[in-house]
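Asker: Quick one: the structure is below, and I'll ask about it shortly.
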Amino acid sequence: MLHMHEVRGSSPLAPTIKPRGSAKKMAETIDYKEQIQKLIRLQETDSEIYELQSEKDSFPEKIAVLDGMLEKKKNGMNEAEEKLKQLQVKNNDKDNELKSCEDKILKHEGELAQIKTNKEYKAMLEQIESVKADISLLEEGIIGIMDEIEAAKARCEEEKKLFEEEKKKNNSEKESIRNEEKQVDARLNELKGIRGELKSGIAEDLLTRYEKIRENRGKYAIARIEGDCCGVCNMTLRPQVINEARLQKGLVICETCSRILYSDV
Ligand SMILES: [Zn+2]
């Protein structure tokens, strides 16, 4: 209280002078060493956010791939069912043909009794034989179709099994993607909080610069000096630049990529 009273009473000009004075003082007292450390942590946080966001962005595609595989199995099952249906229709047609042949024979056999001449009788017998030959061919065909139906039924079962298996896999993998997404979202929220805290401790112009570099250069805005090179663009730095970065008395920028430089040594 005493201190405040003294300040207030010191000069009526104090309020106008004070902001200018304090701003200057702030610029002078920026602890670049500390600021750089915060920027490094901010960049680590942003990199993790970037990785997690990319992971999150990949989920819809992963789900689409899973659904595509399920769709393929479903199509396989539908095709097998369609093939079975076609064979059953074919089998019915052959059965009907067989039945009509058998009717034809019965009819011809009935007609035989009314035939007067040997020639006509012989011709009718020949016709009957020819229909019998048709029947035998039809029966052979039907046996073949029956075999095909058996095989098609087995394929249907197999395709159905594959579809059910894929459905299970689809469900469980989607479930694990959803769980993963929950974890990613939780971590992203956490990181957003961390980011906010870090940001509040970084000087505004430094933060603006950081954001601008990231906007233009992507993932990295701050680069560690590796040997005598910028750790991100790999260009050789002038010894003076390296010295300035080691001293950490002010902002040091890579002359090639414009990233903020820092030195571990
Ligand atoms: Zn560089």
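In the structure tokens, chains take the letters A, B, ... in the order shown, each chain's residues start at 1, and ligands count up from 1 in the order shown.
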Residues near Ser200 (chain A), anyone? I mean within 12 Å using only C-alpha atoms, not counting same-chain ones fewer than 5 positions away, as a list in words.
Answerer: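 The contact residues come out as Gln35, Lys38, Leu39, Leu42, Gly193, Ile194, Arg195, Leu206 and Leu207 of chain A.
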Asker: Within 10 Å of Arg217 (chain A), counting only C-alpha atoms, which residues qualify if same-chain residues fewer than 4 places away don't, as a list in words?
Answerer: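 Here the qualifying residues turn out to be Glu211, Lys212, Ile213, Ala221, Cys257, Ser258 and Arg259 of chain A.
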Asker: Let me see the file: selected residues, C-alpha atoms, as a PDB file, in the first residue's frame.
Answerer:
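The resulting result04.pdb:
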```pdb
ATOM      1  CA  GLU A 211       2.963 -19.053 -36.652  1.00  0.00           C
ATOM      2  CA  LYS A 212       3.885 -17.279 -39.869  1.00  0.00           C
ATOM      3  CA  ILE A 213       6.902 -19.520 -40.501  1.00  0.00           C
ATOM      4  CA  ALA A 221       9.356 -23.053 -37.452  1.00  0.00           C
ATOM      5  CA  CYS A 257      14.916 -20.885 -44.616  1.00  0.00           C
ATOM      6  CA  SER A 258      14.017 -18.076 -42.190  1.00  0.00           C
ATOM      7  CA  ARG A 259      13.422 -20.491 -39.343  1.00  0.00           C
TER       8      ARG A 259
END
```
Asker: Of the candidates A:Leu112, A:Leu188, A:Ala245, A:Leu251, which shows the shortest atom-to-atom distance to Ile30 (chain A), using only C-alpha atoms?
Answerer: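 Going through A:Leu112, A:Leu188, A:Ala245, A:Leu251 one by one, the smallest distance to Ile30 (chain A) is for A:Leu251.
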Asker: Please give me, as a VMD selection string, the residues lying within 7 Å of ligand 1 when counting only C-alpha atoms and all ligand atoms.
Answerer: chain A and resid 223 230 to 235 254 to 259
Asker: When distances are computed from only C-alpha atoms, which of A:Ile260, A:Cys229, A:Leu84, A:Lys33 shows the smallest separation from Arg155 (chain A)?
Answerer: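 Of A:Ile260, A:Cys229, A:Leu84, A:Lys33, the one nearest Arg155 (chain A) is A:Leu84, counting only C-alpha atoms.
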Asker: Return the single residue from A:Leu198, A:Ala186, A:Leu191, A:Ile177 that is closest to Leu66 (chain A), with distances computed using only C-alpha atoms.
Answerer: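 Between A:Leu198, A:Ala186, A:Leu191, A:Ile177, the residue approaching Leu66 (chain A) most closely is A:Ile177.
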Asker: Rounded to one decimal place, report the CA of Glu159 (chain A)-CA of Gly76 (chain A) distance in Å.
Answerer: 6.2 Å
Asker: Between A:Met77, A:Ala152, A:Leu106, A:Ile222, which is the closest to Arg41 (chain A) once you count only C-alpha atoms?
Answerer: A:Ile222
Asker: When you look at region 94-104 of chain A with a cut-off of 9 Å (counting only C-alpha atoms), what residues show up, excluding the ones that are within fewer than 5 positions of it in the same chain? I need them as a list in words.
Answerer: Val89, Glu109, Ile128, Val131, Lys132, Asp134, Ile135, Leu138, Glu139, Gly141 and Ile142 of chain A
Asker: Keeping C-alpha atoms, export the residues of the selection given above as an mmCIF file, in the first residue's frame.
Answerer:
```
data_model
loop_
_atom_site.group_PDB
_atom_site.id
_atom_site.type_symbol
_atom_site.label_atom_id
_atom_site.label_comp_id
_atom_site.auth_asym_id
_atom_site.auth_seq_id
_atom_site.Cartn_x
_atom_site.Cartn_y
_atom_site.Cartn_z
ATOM 1 C CA VAL A 89 -34.179 -72.187 -62.987
ATOM 2 C CA GLU A 109 -47.775 -94.994 -77.246
ATOM 3 C CA ILE A 128 -40.748 -92.716 -79.758
ATOM 4 C CA VAL A 131 -37.976 -88.814 -77.915
ATOM 5 C CA LYS A 132 -36.406 -91.448 -75.662
ATOM 6 C CA ASP A 134 -33.955 -86.793 -76.105
ATOM 7 C CA ILE A 135 -34.979 -87.935 -72.622
ATOM 8 C CA LEU A 138 -32.024 -84.429 -70.865
ATOM 9 C CA GLU A 139 -31.428 -86.781 -67.934
ATOM 10 C CA GLY A 141 -27.984 -82.804 -68.577
ATOM 11 C CA ILE A 142 -30.039 -82.787 -65.395
#
```
Asker: DSSP says alpha helix (DSSP H) for which residues of region 77-234 of chain A? Put them as a PyMOL selection string?
Answerer: chain A and resi 77-112+118-200+204-217
Asker: Find the residue from A:Gly144, A:Gly110, A:Pro239, A:Gly196 that sits nearest to Thr45 (chain A); use only C-alpha atoms when measuring.
Answerer: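 So, comparing all the options, the nearest one is A:Gly196.
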